[in-house]
Amino acid sequence: MDFFKQFVNQFTDDFDFDSVMKINKKYYLVNPQIRLLLEKLDMEEVRSAGLFLGEEKSKKFNSSINLLNLLKDKTDRFVKLNDKSAWLFICGRDVFDENIIEKGNVNSSVLVLNDKEEVIGLGKFDKKDKKLLKNFYDLGHLLRREKK
């Protein structure tokens, strides 16, 4: 998965990719024993299994918060937000540079953390305005989607 590699190369060395199972266009982290059982079943009837990691949409991979949590301790691509801006980020807002209390490597997509170092989403700095962290995905996304 290229999504892993954009965050950290060493993650690929200690991650068991054999435990990742693709069902339709969705990826799951599945216990090896459950994977063996599922492979004996008719995959047409299987809808999900294990921990949801993300899905392919329009030839692009959209990660889940579960996958971002797995990556958190393995990457230097992160920003940590103050409490107020973390809340705004979860509400779908972009964040200005002055609300960032710590930065790692910010050359590409970054994990967005709150001040307690919990993953709250995925962001990317604006190409034109390097002081603006664009909200790509956040914890509140599912709630906003359900509201529609």
# chains A, B, ... in the order shown; residues from 1 in each chain; ligands from 1

$ residues_around --residues "region 82-91 of chain A" --least-positions-apart "5" --cutoff "8 Å" --atoms "only C-alpha atoms" --output "number ranges by chain"
A: 99-101, 113-115, 120-121, 135, 138-141

$ write_last_selection --atoms "C-alpha atoms" --output "compact mmCIF listing (two decimals), in the first residue's frame"
# COMPACT_ATOMS: atom_id res chain seq x y z
CA ASN A 99 -2.41 27.28 16.32
CA ILE A 100 0.12 24.50 15.83
CA ILE A 101 2.08 23.76 19.00
CA LEU A 113 -2.92 15.30 16.70
CA ASN A 114 -4.57 17.09 19.60
CA ASP A 115 -2.55 18.31 22.59
CA ILE A 120 -7.86 13.53 15.13
CA GLY A 121 -7.34 13.45 11.38
CA ASN A 135 -8.38 19.55 6.61
CA ASP A 138 -11.08 14.26 10.56
CA LEU A 139 -12.91 12.39 13.31
CA GLY A 140 -16.09 14.40 12.78
CA HIS A 141 -16.34 13.34 9.12

$ closest_atom_pairs --of "region 53-74 of chain A" --to "region 24-41 of chain A" --cutoff "7 Å" --atoms "only C-alpha atoms" --output "Markdown table"
| residue | atom | partner | partner_atom | distance |
| --- | --- | --- | --- | --- |
| A:Leu53 | CA | A:Tyr28 | CA | 5.3 |
| A:Gly54 | CA | A:Tyr27 | CA | 5.5 |
| A:Glu55 | CA | A:Lys26 | CA | 4.1 |
| A:Glu56 | CA | A:Lys25 | CA | 5.4 |

$ closest_atom_pairs --of "region 3-108 of chain A" --to "region 127-131 of chain A" --cutoff "9 Å" --atoms "only C-alpha atoms" --output "JSON lines"
{"residue": "A:Val95", "atom": "CA", "partner": "A:Lys131", "partner_atom": "CA", "distance": 8.5}
{"residue": "A:Phe96", "atom": "CA", "partner": "A:Lys131", "partner_atom": "CA", "distance": 5.8}
{"residue": "A:Asp97", "atom": "CA", "partner": "A:Lys131", "partner_atom": "CA", "distance": 4.7}
{"residue": "A:Glu98", "atom": "CA", "partner": "A:Lys131", "partner_atom": "CA", "distance": 8.0}

$ select_by_dssp --residues "chain A" --states "helix (DSSP H, G or I)" --output "PyMOL selection string"
chain A and resi 2-7+11-14+17-19+32-40+65-74+83-90+97-99+141-147

$ write_last_selection --atoms "N, CA and C atoms" --output "short mmCIF file (atom, residue, chain, number, x, y, z; two decimals), in the first residue's frame"
data_model
loop_
_atom_site.label_atom_id
_atom_site.label_comp_id
_atom_site.auth_asym_id
_atom_site.auth_seq_id
_atom_site.Cartn_x
_atom_site.Cartn_y
_atom_site.Cartn_z
N ASP A 2 0.70 2.06 -0.98
CA ASP A 2 1.49 3.27 -1.11
C ASP A 2 1.20 4.28 -0.01
N PHE A 3 -0.02 4.23 0.54
CA PHE A 3 -0.39 5.16 1.59
C PHE A 3 0.56 5.03 2.78
N PHE A 4 0.92 3.79 3.14
CA PHE A 4 1.85 3.56 4.25
C PHE A 4 3.19 4.22 3.95
N LYS A 5 3.68 4.03 2.75
CA LYS A 5 5.02 4.48 2.39
C LYS A 5 5.16 5.99 2.41
N GLN A 6 4.07 6.71 2.16
CA GLN A 6 4.18 8.17 2.17
C GLN A 6 4.42 8.68 3.59
N PHE A 7 4.08 7.89 4.59
CA PHE A 7 4.31 8.31 5.97
C PHE A 7 5.61 7.79 6.54
N PHE A 11 7.85 1.39 8.64
CA PHE A 11 6.58 0.77 9.02
C PHE A 11 6.33 -0.49 8.21
N THR A 12 6.75 -0.47 6.96
CA THR A 12 6.52 -1.61 6.09
C THR A 12 7.33 -2.83 6.54
N ASP A 13 8.44 -2.60 7.25
CA ASP A 13 9.26 -3.72 7.71
C ASP A 13 8.63 -4.50 8.85
N ASP A 14 7.91 -3.83 9.75
CA ASP A 14 7.34 -4.53 10.90
C ASP A 14 5.82 -4.68 10.84
N PHE A 17 1.65 -7.39 6.29
CA PHE A 17 0.71 -7.11 5.20
C PHE A 17 -0.15 -8.32 4.85
N ASP A 18 0.27 -9.51 5.26
CA ASP A 18 -0.55 -10.70 5.03
C ASP A 18 -1.83 -10.66 5.86
N SER A 19 -1.84 -9.84 6.89
CA SER A 19 -3.03 -9.70 7.74
C SER A 19 -4.03 -8.70 7.17
N PRO A 32 -5.02 -13.70 11.54
CA PRO A 32 -4.69 -14.77 10.58
C PRO A 32 -5.65 -15.97 10.63
N GLN A 33 -6.11 -16.34 11.82
CA GLN A 33 -7.04 -17.48 11.91
C GLN A 33 -8.40 -17.14 11.30
N ILE A 34 -8.84 -15.92 11.50
CA ILE A 34 -10.11 -15.50 10.90
C ILE A 34 -9.96 -15.40 9.39
N ARG A 35 -8.81 -14.95 8.95
CA ARG A 35 -8.56 -14.85 7.50
C ARG A 35 -8.67 -16.23 6.85
N LEU A 36 -8.09 -17.26 7.48
CA LEU A 36 -8.19 -18.62 6.94
C LEU A 36 -9.65 -19.07 6.86
N LEU A 37 -10.42 -18.76 7.86
CA LEU A 37 -11.83 -19.11 7.87
C LEU A 37 -12.58 -18.37 6.76
N LEU A 38 -12.31 -17.08 6.61
CA LEU A 38 -13.00 -16.29 5.58
C LEU A 38 -12.66 -16.76 4.17
N GLU A 39 -11.44 -17.21 3.97
CA GLU A 39 -11.04 -17.68 2.64
C GLU A 39 -11.79 -18.95 2.24
N LYS A 40 -12.34 -19.66 3.21
CA LYS A 40 -13.14 -20.87 2.92
C LYS A 40 -14.58 -20.51 2.58
N ILE A 65 -9.52 6.32 10.49
CA ILE A 65 -8.83 6.80 11.69
C ILE A 65 -8.06 5.66 12.34
N ASN A 66 -8.52 4.40 12.16
CA ASN A 66 -7.81 3.24 12.70
C ASN A 66 -6.41 3.13 12.11
N LEU A 67 -6.30 3.31 10.82
CA LEU A 67 -5.01 3.24 10.16
C LEU A 67 -4.11 4.39 10.61
N LEU A 68 -4.67 5.57 10.74
CA LEU A 68 -3.89 6.71 11.19
C LEU A 68 -3.35 6.47 12.60
N ASN A 69 -4.14 5.82 13.45
CA ASN A 69 -3.67 5.47 14.79
C ASN A 69 -2.53 4.47 14.75
N LEU A 70 -2.58 3.52 13.81
CA LEU A 70 -1.48 2.56 13.66
C LEU A 70 -0.20 3.26 13.23
N LEU A 71 -0.33 4.30 12.43
CA LEU A 71 0.83 5.02 11.91
C LEU A 71 1.43 6.01 12.90
N LYS A 72 0.66 6.43 13.88
CA LYS A 72 1.06 7.53 14.77
C LYS A 72 2.46 7.36 15.37
N ASP A 73 2.77 6.22 15.91
CA ASP A 73 4.06 6.01 16.57
C ASP A 73 5.18 5.65 15.60
N LYS A 74 4.87 5.57 14.31
CA LYS A 74 5.85 5.14 13.33
C LYS A 74 6.28 6.24 12.37
N ASP A 83 -5.80 23.10 21.94
CA ASP A 83 -7.13 22.55 22.23
C ASP A 83 -8.24 23.17 21.36
N LYS A 84 -8.26 24.49 21.25
CA LYS A 84 -9.31 25.16 20.49
C LYS A 84 -9.24 24.82 19.00
N SER A 85 -8.06 24.85 18.43
CA SER A 85 -7.93 24.55 17.00
C SER A 85 -8.17 23.06 16.71
N ALA A 86 -7.87 22.19 17.67
CA ALA A 86 -8.17 20.76 17.49
C ALA A 86 -9.68 20.57 17.36
N TRP A 87 -10.45 21.27 18.19
CA TRP A 87 -11.91 21.19 18.10
C TRP A 87 -12.41 21.70 16.75
N LEU A 88 -11.86 22.82 16.30
CA LEU A 88 -12.25 23.37 15.00
C LEU A 88 -11.90 22.41 13.87
N PHE A 89 -10.74 21.77 13.97
CA PHE A 89 -10.33 20.79 12.95
C PHE A 89 -11.31 19.62 12.90
N ILE A 90 -11.73 19.12 14.06
CA ILE A 90 -12.69 18.02 14.11
C ILE A 90 -14.03 18.44 13.51
N ASP A 97 -1.26 28.27 10.99
CA ASP A 97 0.03 27.88 11.55
C ASP A 97 0.22 28.30 13.01
N GLU A 98 -0.30 29.43 13.40
CA GLU A 98 -0.09 29.91 14.77
C GLU A 98 -0.80 29.05 15.82
N ASN A 99 -1.71 28.18 15.39
CA ASN A 99 -2.41 27.28 16.32
C ASN A 99 -1.74 25.92 16.45
N HIS A 141 -15.88 13.61 10.49
CA HIS A 141 -16.34 13.34 9.12
C HIS A 141 -17.53 12.39 9.11
N LEU A 142 -17.45 11.32 9.88
CA LEU A 142 -18.54 10.33 9.89
C LEU A 142 -19.83 10.94 10.42
N LEU A 143 -19.73 11.75 11.45
CA LEU A 143 -20.94 12.38 12.01
C LEU A 143 -21.57 13.35 11.02
N ARG A 144 -20.75 14.13 10.35
CA ARG A 144 -21.28 15.07 9.36
C ARG A 144 -21.91 14.33 8.19
N ARG A 145 -21.33 13.21 7.79
CA ARG A 145 -21.85 12.43 6.66
C ARG A 145 -23.19 11.83 7.03
N GLU A 146 -23.36 11.36 8.27
CA GLU A 146 -24.62 10.76 8.71
C GLU A 146 -25.74 11.78 8.81
N LYS A 147 -25.38 13.02 9.05
CA LYS A 147 -26.38 14.08 9.20
C LYS A 147 -27.09 14.38 7.90
#

$ atom_distance --atom1 "CA of Asp16 (chain A)" --atom2 "CA of Ala49 (chain A)"
16.2 Å

$ residues_around --residues "Phe125 (chain A)" --least-positions-apart "6" --cutoff "9 Å" --atoms "only C-alpha atoms" --output "tab-separated table (two decimals) with N, CA and C atoms, in the first residue's frame"
chain	number	residue	atom	x	y	z
A	106	VAL	N	6.72	18.19	7.69
A	106	VAL	CA	5.45	18.65	7.12
A	106	VAL	C	5.52	18.87	5.62
A	107	ASN	N	6.35	18.11	4.92
A	107	ASN	CA	6.51	18.28	3.48
A	107	ASN	C	5.35	17.71	2.66
A	108	SER	N	4.53	16.87	3.26
A	108	SER	CA	3.43	16.23	2.54
A	108	SER	C	2.24	16.13	3.48
A	109	SER	N	1.41	15.12	3.28
A	109	SER	CA	0.30	14.88	4.19
A	109	SER	C	0.82	14.62	5.59
A	110	VAL	N	0.07	15.07	6.61
A	110	VAL	CA	0.49	14.91	7.99
A	110	VAL	C	-0.65	14.37	8.84
A	131	LYS	N	1.08	28.57	5.53
A	131	LYS	CA	0.69	28.76	6.93
A	131	LYS	C	-0.72	28.25	7.21
A	132	LEU	N	-1.34	27.59	6.23
A	132	LEU	CA	-2.70	27.08	6.39
A	132	LEU	C	-2.70	25.57	6.25
A	133	LEU	N	-3.10	24.89	7.31
A	133	LEU	CA	-3.23	23.43	7.30
A	133	LEU	C	-4.64	23.08	6.83
A	134	LYS	N	-4.73	22.47	5.66
A	134	LYS	CA	-6.02	22.10	5.08
A	134	LYS	C	-6.51	20.79	5.70
A	135	ASN	N	-7.77	20.75	6.04
A	135	ASN	CA	-8.38	19.55	6.61
A	135	ASN	C	-8.71	18.60	5.47

$ select_by_dssp --residues "region 18-144 of chain A" --states "strand (DSSP E or B)" --output "PyMOL selection string"
chain A and resi 20-23+26-29+51-57+60-63+78-81+95-96+100-103+110-113+119-125+132-138

$ atom_distance --atom1 "CA of Gly123 (chain A)" --atom2 "CA of Leu111 (chain A)"
6.4 Å
